[in-house]
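Coordinates as given in start-v3.cif (mmCIF, C-alpha atoms and all ligand atoms):
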data_work
loop_
_atom_site.label_atom_id
_atom_site.label_comp_id
_atom_site.auth_asym_id
_atom_site.auth_seq_id
_atom_site.Cartn_x
_atom_site.Cartn_y
_atom_site.Cartn_z
CA MET A 1 -95.89 39.57 -44.58
CA VAL A 2 -97.57 37.99 -47.60
CA LYS A 3 -96.22 38.84 -51.02
CA PHE A 4 -99.68 39.21 -52.62
CA LYS A 5 -102.77 40.45 -50.80
CA GLY A 6 -105.13 38.94 -53.33
CA VAL A 7 -105.20 35.97 -55.68
CA ILE A 8 -107.55 35.78 -58.66
CA PHE A 9 -108.07 32.23 -59.86
CA ASP A 10 -109.24 31.18 -63.28
CA LEU A 11 -111.67 28.27 -62.88
CA ASP A 12 -111.70 25.84 -65.84
CA GLY A 13 -108.34 24.06 -65.94
CA VAL A 14 -107.07 25.65 -62.71
CA LEU A 15 -109.39 24.81 -59.81
CA CYS A 16 -110.92 21.83 -61.63
CA HIS A 17 -110.60 19.90 -64.88
CA THR A 18 -113.73 21.20 -66.59
CA ASP A 19 -111.45 22.22 -69.49
CA GLU A 20 -111.64 18.53 -70.49
CA TYR A 21 -115.45 18.59 -70.32
CA HIS A 22 -115.50 21.69 -72.58
CA TYR A 23 -113.32 19.77 -75.04
CA LEU A 24 -115.53 16.68 -74.97
CA ALA A 25 -118.70 18.72 -75.44
CA TRP A 26 -117.27 20.68 -78.40
CA GLN A 27 -116.00 17.43 -79.89
CA GLN A 28 -119.47 15.85 -79.61
CA LEU A 29 -121.13 18.90 -81.15
CA ALA A 30 -118.60 19.04 -84.01
CA GLN A 31 -119.06 15.33 -84.68
CA GLN A 32 -122.86 15.71 -84.80
CA GLU A 33 -122.42 18.53 -87.34
CA GLY A 34 -119.74 16.68 -89.35
CA ILE A 35 -117.11 19.31 -88.55
CA TYR A 36 -113.44 18.42 -88.00
CA PHE A 37 -112.27 19.23 -84.46
CA ASP A 38 -109.18 18.25 -82.47
CA ARG A 39 -107.24 19.14 -79.31
CA LEU A 40 -105.06 21.64 -81.16
CA ILE A 41 -108.12 23.62 -82.26
CA ASN A 42 -109.46 23.24 -78.70
CA GLN A 43 -106.37 25.04 -77.35
CA ARG A 44 -107.62 28.18 -79.10
CA LEU A 45 -110.91 28.01 -77.17
CA LEU A 46 -109.37 28.21 -73.69
CA GLY A 47 -110.50 31.27 -71.77
CA ILE A 48 -112.74 32.69 -74.47
CA SER A 49 -116.53 32.88 -74.44
CA ARG A 50 -118.93 30.21 -75.68
CA SER A 51 -120.02 32.23 -78.72
CA GLU A 52 -116.44 33.11 -79.70
CA SER A 53 -115.46 29.46 -79.26
CA LEU A 54 -118.29 28.42 -81.58
CA GLU A 55 -117.00 30.78 -84.29
CA ILE A 56 -113.62 29.01 -84.13
CA VAL A 57 -115.24 25.56 -84.27
CA LEU A 58 -117.29 26.65 -87.30
CA GLU A 59 -114.14 27.73 -89.22
CA ARG A 60 -113.94 24.08 -90.38
CA ALA A 61 -117.65 23.79 -91.26
CA GLY A 62 -118.60 22.96 -94.81
CA ARG A 63 -121.38 25.56 -94.86
CA THR A 64 -122.33 28.85 -93.25
CA TYR A 65 -124.71 28.95 -90.30
CA THR A 66 -127.38 31.59 -89.67
CA GLN A 67 -127.36 33.58 -86.44
CA ALA A 68 -130.35 31.57 -85.17
CA GLU A 69 -128.54 28.30 -85.94
CA LYS A 70 -125.46 29.54 -84.10
CA ILE A 71 -127.51 30.36 -81.02
CA ARG A 72 -129.02 26.88 -81.08
CA LEU A 73 -125.58 25.26 -81.55
CA ALA A 74 -124.16 27.18 -78.57
CA GLU A 75 -127.14 26.03 -76.50
CA ARG A 76 -126.61 22.44 -77.61
CA LYS A 77 -122.94 22.60 -76.67
CA ASN A 78 -123.89 23.91 -73.26
CA GLU A 79 -126.44 21.12 -72.77
CA LEU A 80 -123.75 18.53 -73.62
CA TYR A 81 -121.30 20.28 -71.27
CA ARG A 82 -123.83 20.47 -68.40
CA GLN A 83 -124.26 16.69 -68.53
CA TYR A 84 -120.66 16.44 -67.33
CA LEU A 85 -121.08 19.20 -64.74
CA LEU A 86 -124.09 17.47 -63.16
CA ARG A 87 -121.86 14.59 -62.11
CA MET A 88 -119.26 16.82 -60.41
CA THR A 89 -118.59 16.62 -56.66
CA PRO A 90 -116.01 18.18 -54.28
CA ALA A 91 -113.72 15.27 -55.30
CA ASP A 92 -113.32 17.01 -58.68
CA LEU A 93 -111.38 19.89 -57.15
CA THR A 94 -107.80 19.98 -58.49
CA THR A 95 -105.51 17.94 -56.25
CA GLY A 96 -104.05 20.19 -53.57
CA ALA A 97 -106.44 23.08 -54.26
CA GLU A 98 -108.41 22.69 -51.04
CA LYS A 99 -105.29 23.05 -48.91
CA VAL A 100 -104.10 26.01 -50.98
CA LEU A 101 -107.42 27.83 -50.53
CA GLN A 102 -107.51 27.07 -46.80
CA THR A 103 -103.92 28.20 -46.23
CA LEU A 104 -104.35 31.43 -48.19
CA GLU A 105 -107.62 32.17 -46.42
CA ALA A 106 -105.96 31.59 -43.02
CA ALA A 107 -103.13 33.94 -44.03
CA GLY A 108 -105.69 36.68 -44.74
CA VAL A 109 -105.18 36.65 -48.51
CA LYS A 110 -108.30 37.77 -50.39
CA LEU A 111 -109.51 35.23 -52.94
CA ALA A 112 -111.40 35.77 -56.19
CA VAL A 113 -112.47 33.82 -59.25
CA GLY A 114 -112.15 35.47 -62.66
CA SER A 115 -113.72 33.26 -65.31
CA SER A 116 -115.27 33.70 -68.76
CA SER A 117 -117.74 30.93 -67.99
CA ARG A 118 -121.44 31.48 -67.42
CA ASN A 119 -121.43 28.18 -65.53
CA ALA A 120 -118.79 29.28 -63.01
CA ARG A 121 -121.06 29.65 -59.97
CA PHE A 122 -122.75 26.32 -60.66
CA ILE A 123 -119.34 24.60 -60.84
CA LEU A 124 -118.05 26.31 -57.68
CA ASP A 125 -121.19 25.15 -55.88
CA LYS A 126 -120.69 21.59 -57.12
CA LEU A 127 -117.09 21.74 -55.87
CA GLY A 128 -118.33 23.10 -52.54
CA ILE A 129 -115.95 26.09 -52.55
CA SER A 130 -118.16 29.09 -53.47
CA SER A 131 -117.91 30.52 -49.95
CA LYS A 132 -114.09 30.64 -50.12
CA PHE A 133 -114.18 33.56 -52.56
CA GLN A 134 -114.95 37.16 -51.65
CA VAL A 135 -115.44 37.92 -55.31
CA ILE A 136 -116.66 35.85 -58.26
CA ILE A 137 -116.55 37.53 -61.66
CA ASP A 138 -117.98 35.27 -64.37
CA GLY A 139 -119.16 35.30 -67.96
CA ASN A 140 -122.59 36.60 -66.96
CA VAL A 141 -121.25 40.04 -66.03
CA LEU A 142 -118.70 40.51 -68.82
CA GLN A 143 -119.03 42.47 -72.04
CA HIS A 144 -115.73 41.12 -73.34
CA SER A 145 -114.08 37.81 -72.53
CA LYS A 146 -110.35 37.15 -72.10
CA PRO A 147 -107.91 38.25 -73.56
CA ASP A 148 -109.73 41.50 -72.69
CA LYS A 149 -108.71 42.72 -69.24
CA GLU A 150 -112.32 43.43 -68.13
CA VAL A 151 -112.65 40.30 -65.96
CA PHE A 152 -109.55 41.10 -63.94
CA CYS A 153 -110.23 44.86 -63.69
CA LYS A 154 -113.68 44.02 -62.30
CA ALA A 155 -112.13 41.55 -59.83
CA LEU A 156 -109.56 44.12 -58.64
CA ALA A 157 -112.27 46.73 -58.11
CA ALA A 158 -114.44 44.30 -56.14
CA LEU A 159 -111.48 43.16 -54.03
CA HIS A 160 -110.51 46.82 -53.38
CA LEU A 161 -106.93 45.97 -54.31
CA ALA A 162 -104.47 47.47 -56.78
CA ALA A 163 -103.02 45.45 -59.67
CA ASP A 164 -99.58 45.17 -58.03
CA GLN A 165 -101.11 43.65 -54.88
CA CYS A 166 -102.60 40.70 -56.75
CA LEU A 167 -101.64 37.57 -58.62
CA VAL A 168 -103.65 35.84 -61.36
CA VAL A 169 -103.53 32.04 -61.71
CA GLU A 170 -104.25 30.90 -65.27
CA ASP A 171 -104.02 27.91 -67.61
CA ALA A 172 -104.81 29.79 -70.85
CA VAL A 173 -102.83 32.14 -73.08
CA SER A 174 -105.89 34.41 -73.37
CA GLY A 175 -106.05 34.61 -69.57
CA ILE A 176 -102.36 35.46 -69.22
CA GLN A 177 -102.80 38.18 -71.87
CA ALA A 178 -105.80 39.58 -69.97
CA ALA A 179 -103.85 39.68 -66.69
CA VAL A 180 -100.80 41.30 -68.30
CA SER A 181 -103.05 43.88 -69.88
CA ALA A 182 -104.58 44.62 -66.45
CA GLY A 183 -101.05 45.01 -65.04
CA ILE A 184 -101.31 41.95 -62.76
CA LYS A 185 -98.51 39.42 -62.20
CA THR A 186 -99.22 35.93 -63.54
CA ALA A 187 -98.80 32.36 -62.36
CA GLY A 188 -99.22 29.81 -65.14
CA ILE A 189 -100.25 26.19 -64.67
CA GLY A 190 -100.45 23.45 -67.31
CA LYS A 191 -99.57 23.78 -71.03
CA VAL A 192 -99.67 27.58 -70.91
CA ILE A 193 -96.21 27.65 -69.34
CA GLU A 194 -94.81 26.34 -72.64
CA GLN A 195 -96.93 28.69 -74.73
CA THR A 196 -96.27 32.13 -73.30
CA ALA A 197 -94.21 33.98 -70.70
CA VAL A 198 -95.54 33.98 -67.15
CA ASP A 199 -94.10 35.46 -63.97
CA TYR A 200 -94.36 32.22 -61.99
CA THR A 201 -94.48 28.66 -63.21
CA LEU A 202 -96.65 26.27 -61.19
CA HIS A 203 -96.03 22.56 -61.70
CA ALA A 204 -98.83 21.87 -59.23
CA ILE A 205 -101.34 24.19 -57.59
CA SER A 206 -99.49 23.73 -54.28
CA ASP A 207 -96.52 25.62 -55.80
CA LEU A 208 -98.69 28.71 -55.38
CA LEU A 209 -98.25 28.86 -51.61
CA PRO A 210 -94.56 29.91 -51.45
CA VAL A 211 -95.19 32.40 -54.27
CA VAL A 212 -98.09 34.15 -52.53
CA LEU A 213 -96.92 33.85 -48.96
CA GLY A 214 -93.37 34.89 -49.82
CA THR A 215 -92.02 31.86 -48.00
CA GLY A 216 -89.35 29.54 -49.32
CA SER A 217 -86.61 30.68 -51.62
CA GLN A 218 -87.04 32.15 -55.10
CA ARG A 219 -85.78 28.79 -56.35
CA HIS A 220 -89.31 27.60 -55.69
CA ALA A 221 -90.91 30.62 -57.34
CA PHE A 222 -89.83 29.95 -60.90
CA ASN A 223 -89.66 32.93 -63.16
CA ASN A 224 -90.14 32.24 -66.84
CA LEU A 225 -89.08 35.64 -68.04
CA GLY A 226 -85.41 35.08 -67.87
C1 LIG B 1 -113.76 29.52 -69.99
C2 LIG B 1 -113.24 28.30 -70.72
O1 LIG B 1 -113.43 29.41 -68.63
O2 LIG B 1 -115.18 29.62 -70.12
C3 LIG B 1 -113.68 28.36 -72.16
O3 LIG B 1 -111.82 28.27 -70.65
C4 LIG B 1 -115.19 28.49 -72.24
O4 LIG B 1 -113.24 27.20 -72.82
C5 LIG B 1 -115.64 29.72 -71.46
O5 LIG B 1 -115.60 28.62 -73.60
C6 LIG B 1 -117.15 29.91 -71.46
O6 LIG B 1 -117.73 28.86 -70.73
P1 LIG B 1 -119.29 28.58 -70.61
O7 LIG B 1 -119.38 27.65 -69.42
O8 LIG B 1 -119.97 29.90 -70.36
O9 LIG B 1 -119.73 27.95 -71.88
MG MG B 2 -108.92 28.12 -67.82
#
Would you mind writing the structure in this file as structure tokens?
Amino acid sequence: MVKFKGVIFDLDGVLCHTDEYHYLAWQQLAQQEGIYFDRLINQRLLGISRSESLEIVLERAGRTYTQAEKIRLAERKNELYRQYLLRMTPADLTTGAEKVLQTLEAAGVKLAVGSSSRNARFILDKLGISSKFQVIIDGNVLQHSKPDKEVFCKALAALHLAADQCLVVEDAVSGIQAAVSAGIKTAGIGKVIEQTAVDYTLHAISDLLPVVLGTGSQRHAFNNLG
């Protein structure tokens, strides 16, 4: 019997490396505006909405921006970001992710995406994996982005599963906070495992299989909490 009946994947930084494209687009925008921006500041943008990210980028601005200017800046950032997305193909799927999705699907595990991005469906289409997910909750249907639990509560409701039947896979502190607040167990991948406590530590996406399927020993299902 599987250990989790459903898995809710974050997208950017988990299923693909669009987190890098977000960084490059914000960096270009900041440079055009003469605003200091670096990877440390970028860490604070992971998982949160475009408009909230812009507010953080503008903390270093030498002047204040009107609401209309902010809307235009957010649009410009998205245009820069979409230039990278246009070039994406199924080869941009995180290494090992295709096998993970196939294996979980074959085991009858329900799959969902829970992302703050308004570009999520476009990216999933470019990756050729949209049809793998029963449920896709993205930035277009959210009132509040991570760390609010809304994205994961909506995913649970659409999957018809309870919080303790699911696992969230995340690369961002805000995403882990959102999952914890929704009462869902967490698997962290990437830098987040050094930044906050997670239930399972994934060194590669393939580490997810023994965790979800309940195969292998607990030695493979690392627990960060002690
Ligand atoms: C999240 C990213 O998935 O989506 C954030 O981690 C990003 O960095 C957010 O700001 C919103 O993305 P988009 O594509 O709607 O600008
Ligand atoms: Mg992410």
Exercise. Using only C-alpha atoms, what residues lie at most 12 Å away from (-104.0, 45.7, -59.2) (file coordinates), given as a VMD selection string?
Worked result: chain A and resid 4 to 8 149 152 to 168 179 to 186
For this session: With a distance cut-off of 9 Å and all atoms listed in the file, select the neighbouring residues of Leu127 in chain A, excluding the residue or stretch itself and same-chain residues fewer than 3 positions from it, and output the selection as a count of residues only.
Result: 11
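Residues of protein, DNA or RNA having any atom at most 7 Å from ligand MG 2 (chain B), counting all atoms listed in the file, are Asp10, Leu11, Asp12, Gly13, Val14, Asp19, Leu46, Gly47, Glu170, Asp171 and Ala172 of chain A.
For the pair CA of Ile205 in chain A and CA of His22 in chain A, the interatomic distance is 20.8 Å.
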Residues within 9 Å of ligand LIG 1 (chain B), counting all atoms listed in the file: report them as an mmCIF file with C-alpha atoms, in the coordinates of the input.
data_model
loop_
_atom_site.group_PDB
_atom_site.id
_atom_site.type_symbol
_atom_site.label_atom_id
_atom_site.label_comp_id
_atom_site.auth_asym_id
_atom_site.auth_seq_id
_atom_site.Cartn_x
_atom_site.Cartn_y
_atom_site.Cartn_z
ATOM 1 C CA ASP A 10 -109.240 31.180 -63.280
ATOM 2 C CA LEU A 11 -111.670 28.270 -62.880
ATOM 3 C CA ASP A 12 -111.700 25.840 -65.840
ATOM 4 C CA GLY A 13 -108.340 24.060 -65.940
ATOM 5 C CA THR A 18 -113.730 21.200 -66.590
ATOM 6 C CA ASP A 19 -111.450 22.220 -69.490
ATOM 7 C CA HIS A 22 -115.500 21.690 -72.580
ATOM 8 C CA TYR A 23 -113.320 19.770 -75.040
ATOM 9 C CA ASN A 42 -109.460 23.240 -78.700
ATOM 10 C CA GLN A 43 -106.370 25.040 -77.350
ATOM 11 C CA ARG A 44 -107.620 28.180 -79.100
ATOM 12 C CA LEU A 45 -110.910 28.010 -77.170
ATOM 13 C CA LEU A 46 -109.370 28.210 -73.690
ATOM 14 C CA GLY A 47 -110.500 31.270 -71.770
ATOM 15 C CA ILE A 48 -112.740 32.690 -74.470
ATOM 16 C CA SER A 49 -116.530 32.880 -74.440
ATOM 17 C CA ARG A 50 -118.930 30.210 -75.680
ATOM 18 C CA SER A 51 -120.020 32.230 -78.720
ATOM 19 C CA GLU A 52 -116.440 33.110 -79.700
ATOM 20 C CA SER A 53 -115.460 29.460 -79.260
ATOM 21 C CA LEU A 54 -118.290 28.420 -81.580
ATOM 22 C CA ALA A 74 -124.160 27.180 -78.570
ATOM 23 C CA GLU A 75 -127.140 26.030 -76.500
ATOM 24 C CA LYS A 77 -122.940 22.600 -76.670
ATOM 25 C CA ASN A 78 -123.890 23.910 -73.260
ATOM 26 C CA TYR A 81 -121.300 20.280 -71.270
ATOM 27 C CA ARG A 82 -123.830 20.470 -68.400
ATOM 28 C CA GLY A 114 -112.150 35.470 -62.660
ATOM 29 C CA SER A 115 -113.720 33.260 -65.310
ATOM 30 C CA SER A 116 -115.270 33.700 -68.760
ATOM 31 C CA SER A 117 -117.740 30.930 -67.990
ATOM 32 C CA ARG A 118 -121.440 31.480 -67.420
ATOM 33 C CA ASN A 119 -121.430 28.180 -65.530
ATOM 34 C CA ALA A 120 -118.790 29.280 -63.010
ATOM 35 C CA ASP A 138 -117.980 35.270 -64.370
ATOM 36 C CA GLY A 139 -119.160 35.300 -67.960
ATOM 37 C CA ASN A 140 -122.590 36.600 -66.960
ATOM 38 C CA SER A 145 -114.080 37.810 -72.530
ATOM 39 C CA LYS A 146 -110.350 37.150 -72.100
ATOM 40 C CA ASP A 171 -104.020 27.910 -67.610
ATOM 41 C CA ALA A 172 -104.810 29.790 -70.850
ATOM 42 C CA SER A 174 -105.890 34.410 -73.370
ATOM 43 C CA GLY A 175 -106.050 34.610 -69.570
#
Exercise. With only C-alpha atoms as the basis for distance, which of A:Glu79, A:Glu105, A:Asp38, A:Glu33 is at the shortest distance from Ala61 in chain A?
Worked result: A:Glu33
Exercise. Mind pulling up the distance from CA of His17 in chain A to CA of Leu101 in chain A?
Worked result: 16.7 Å
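Between CA of Ala112 in chain A and CA of Ile136 in chain A there is a distance of 5.7 Å.
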Where atoms are missing, can you supply N, CA, C and O atoms for range 21-46 of chain A and output the lot as a PDB file, keeping the file's coordinate frame?
ATOM      1  N   TYR A  21    -114.019  18.711 -70.009  1.00  0.00           N
ATOM      2  CA  TYR A  21    -115.450  18.590 -70.320  1.00  0.00           C
ATOM      3  C   TYR A  21    -115.847  19.544 -71.459  1.00  0.00           C
ATOM      4  O   TYR A  21    -116.662  19.202 -72.322  1.00  0.00           O
ATOM      5  N   HIS A  22    -115.244  20.760 -71.460  1.00  0.00           N
ATOM      6  CA  HIS A  22    -115.500  21.690 -72.580  1.00  0.00           C
ATOM      7  C   HIS A  22    -115.052  21.018 -73.883  1.00  0.00           C
ATOM      8  O   HIS A  22    -115.774  21.023 -74.879  1.00  0.00           O
ATOM      9  N   TYR A  23    -113.848  20.426 -73.842  1.00  0.00           N
ATOM     10  CA  TYR A  23    -113.320  19.770 -75.040  1.00  0.00           C
ATOM     11  C   TYR A  23    -114.255  18.658 -75.521  1.00  0.00           C
ATOM     12  O   TYR A  23    -114.607  18.591 -76.706  1.00  0.00           O
ATOM     13  N   LEU A  24    -114.672  17.807 -74.587  1.00  0.00           N
ATOM     14  CA  LEU A  24    -115.530  16.680 -74.970  1.00  0.00           C
ATOM     15  C   LEU A  24    -116.861  17.151 -75.543  1.00  0.00           C
ATOM     16  O   LEU A  24    -117.367  16.588 -76.520  1.00  0.00           O
ATOM     17  N   ALA A  25    -117.414  18.206 -74.961  1.00  0.00           N
ATOM     18  CA  ALA A  25    -118.700  18.720 -75.440  1.00  0.00           C
ATOM     19  C   ALA A  25    -118.558  19.339 -76.839  1.00  0.00           C
ATOM     20  O   ALA A  25    -119.390  19.098 -77.719  1.00  0.00           O
ATOM     21  N   TRP A  26    -117.489  20.110 -77.055  1.00  0.00           N
ATOM     22  CA  TRP A  26    -117.270  20.680 -78.400  1.00  0.00           C
ATOM     23  C   TRP A  26    -117.038  19.564 -79.417  1.00  0.00           C
ATOM     24  O   TRP A  26    -117.507  19.622 -80.556  1.00  0.00           O
ATOM     25  N   GLN A  27    -116.301  18.538 -78.992  1.00  0.00           N
ATOM     26  CA  GLN A  27    -116.000  17.430 -79.890  1.00  0.00           C
ATOM     27  C   GLN A  27    -117.298  16.715 -80.297  1.00  0.00           C
ATOM     28  O   GLN A  27    -117.496  16.406 -81.478  1.00  0.00           O
ATOM     29  N   GLN A  28    -118.190  16.503 -79.318  1.00  0.00           N
ATOM     30  CA  GLN A  28    -119.470  15.850 -79.610  1.00  0.00           C
ATOM     31  C   GLN A  28    -120.297  16.692 -80.573  1.00  0.00           C
ATOM     32  O   GLN A  28    -120.876  16.186 -81.532  1.00  0.00           O
ATOM     33  N   LEU A  29    -120.350  18.002 -80.297  1.00  0.00           N
ATOM     34  CA  LEU A  29    -121.130  18.900 -81.150  1.00  0.00           C
ATOM     35  C   LEU A  29    -120.577  18.884 -82.576  1.00  0.00           C
ATOM     36  O   LEU A  29    -121.327  18.764 -83.555  1.00  0.00           O
ATOM     37  N   ALA A  30    -119.241  19.002 -82.687  1.00  0.00           N
ATOM     38  CA  ALA A  30    -118.600  19.040 -84.010  1.00  0.00           C
ATOM     39  C   ALA A  30    -118.880  17.744 -84.764  1.00  0.00           C
ATOM     40  O   ALA A  30    -119.200  17.765 -85.959  1.00  0.00           O
ATOM     41  N   GLN A  31    -118.799  16.635 -84.051  1.00  0.00           N
ATOM     42  CA  GLN A  31    -119.060  15.330 -84.680  1.00  0.00           C
ATOM     43  C   GLN A  31    -120.497  15.252 -85.199  1.00  0.00           C
ATOM     44  O   GLN A  31    -120.737  14.825 -86.321  1.00  0.00           O
ATOM     45  N   GLN A  32    -121.450  15.724 -84.389  1.00  0.00           N
ATOM     46  CA  GLN A  32    -122.860  15.710 -84.800  1.00  0.00           C
ATOM     47  C   GLN A  32    -123.069  16.551 -86.066  1.00  0.00           C
ATOM     48  O   GLN A  32    -123.914  16.255 -86.890  1.00  0.00           O
ATOM     49  N   GLU A  33    -122.271  17.625 -86.195  1.00  0.00           N
ATOM     50  CA  GLU A  33    -122.420  18.530 -87.340  1.00  0.00           C
ATOM     51  C   GLU A  33    -121.511  18.142 -88.507  1.00  0.00           C
ATOM     52  O   GLU A  33    -121.502  18.814 -89.537  1.00  0.00           O
ATOM     53  N   GLY A  34    -120.680  17.105 -88.304  1.00  0.00           N
ATOM     54  CA  GLY A  34    -119.740  16.680 -89.350  1.00  0.00           C
ATOM     55  C   GLY A  34    -118.611  17.678 -89.559  1.00  0.00           C
ATOM     56  O   GLY A  34    -118.112  17.856 -90.680  1.00  0.00           O
ATOM     57  N   ILE A  35    -118.190  18.324 -88.475  1.00  0.00           N
ATOM     58  CA  ILE A  35    -117.110  19.310 -88.550  1.00  0.00           C
ATOM     59  C   ILE A  35    -115.851  18.741 -87.901  1.00  0.00           C
ATOM     60  O   ILE A  35    -115.926  18.172 -86.803  1.00  0.00           O
ATOM     61  N   TYR A  36    -114.688  18.905 -88.585  1.00  0.00           N
ATOM     62  CA  TYR A  36    -113.440  18.420 -88.000  1.00  0.00           C
ATOM     63  C   TYR A  36    -113.091  19.238 -86.758  1.00  0.00           C
ATOM     64  O   TYR A  36    -113.177  20.463 -86.753  1.00  0.00           O
ATOM     65  N   PHE A  37    -112.650  18.545 -85.698  1.00  0.00           N
ATOM     66  CA  PHE A  37    -112.270  19.230 -84.460  1.00  0.00           C
ATOM     67  C   PHE A  37    -111.215  18.382 -83.757  1.00  0.00           C
ATOM     68  O   PHE A  37    -111.310  17.150 -83.750  1.00  0.00           O
ATOM     69  N   ASP A  38    -110.184  19.018 -83.220  1.00  0.00           N
ATOM     70  CA  ASP A  38    -109.180  18.250 -82.470  1.00  0.00           C
ATOM     71  C   ASP A  38    -108.661  19.075 -81.286  1.00  0.00           C
ATOM     72  O   ASP A  38    -109.076  20.210 -81.074  1.00  0.00           O
ATOM     73  N   ARG A  39    -107.737  18.484 -80.527  1.00  0.00           N
ATOM     74  CA  ARG A  39    -107.240  19.140 -79.310  1.00  0.00           C
ATOM     75  C   ARG A  39    -106.437  20.406 -79.605  1.00  0.00           C
ATOM     76  O   ARG A  39    -106.384  21.316 -78.783  1.00  0.00           O
ATOM     77  N   LEU A  40    -105.827  20.446 -80.790  1.00  0.00           N
ATOM     78  CA  LEU A  40    -105.060  21.640 -81.160  1.00  0.00           C
ATOM     79  C   LEU A  40    -106.022  22.826 -81.359  1.00  0.00           C
ATOM     80  O   LEU A  40    -105.782  23.935 -80.860  1.00  0.00           O
ATOM     81  N   ILE A  41    -107.116  22.569 -82.062  1.00  0.00           N
ATOM     82  CA  ILE A  41    -108.120  23.620 -82.260  1.00  0.00           C
ATOM     83  C   ILE A  41    -108.683  24.005 -80.892  1.00  0.00           C
ATOM     84  O   ILE A  41    -108.878  25.184 -80.573  1.00  0.00           O
ATOM     85  N   ASN A  42    -108.902  22.992 -80.044  1.00  0.00           N
ATOM     86  CA  ASN A  42    -109.460  23.240 -78.700  1.00  0.00           C
ATOM     87  C   ASN A  42    -108.590  24.201 -77.882  1.00  0.00           C
ATOM     88  O   ASN A  42    -109.105  24.983 -77.081  1.00  0.00           O
ATOM     89  N   GLN A  43    -107.277  24.140 -78.089  1.00  0.00           N
ATOM     90  CA  GLN A  43    -106.370  25.040 -77.350  1.00  0.00           C
ATOM     91  C   GLN A  43    -106.738  26.504 -77.576  1.00  0.00           C
ATOM     92  O   GLN A  43    -106.568  27.341 -76.711  1.00  0.00           O
ATOM     93  N   ARG A  44    -107.256  26.797 -78.766  1.00  0.00           N
ATOM     94  CA  ARG A  44    -107.620  28.180 -79.100  1.00  0.00           C
ATOM     95  C   ARG A  44    -108.899  28.633 -78.380  1.00  0.00           C
ATOM     96  O   ARG A  44    -109.219  29.815 -78.351  1.00  0.00           O
ATOM     97  N   LEU A  45    -109.636  27.677 -77.814  1.00  0.00           N
ATOM     98  CA  LEU A  45    -110.910  28.010 -77.170  1.00  0.00           C
ATOM     99  C   LEU A  45    -110.740  28.352 -75.683  1.00  0.00           C
ATOM    100  O   LEU A  45    -111.668  28.877 -75.064  1.00  0.00           O
ATOM    101  N   LEU A  46    -109.558  28.036 -75.127  1.00  0.00           N
ATOM    102  CA  LEU A  46    -109.370  28.210 -73.690  1.00  0.00           C
ATOM    103  C   LEU A  46    -109.497  29.677 -73.287  1.00  0.00           C
ATOM    104  O   LEU A  46    -108.834  30.543 -73.846  1.00  0.00           O
TER     105      LEU A  46
END
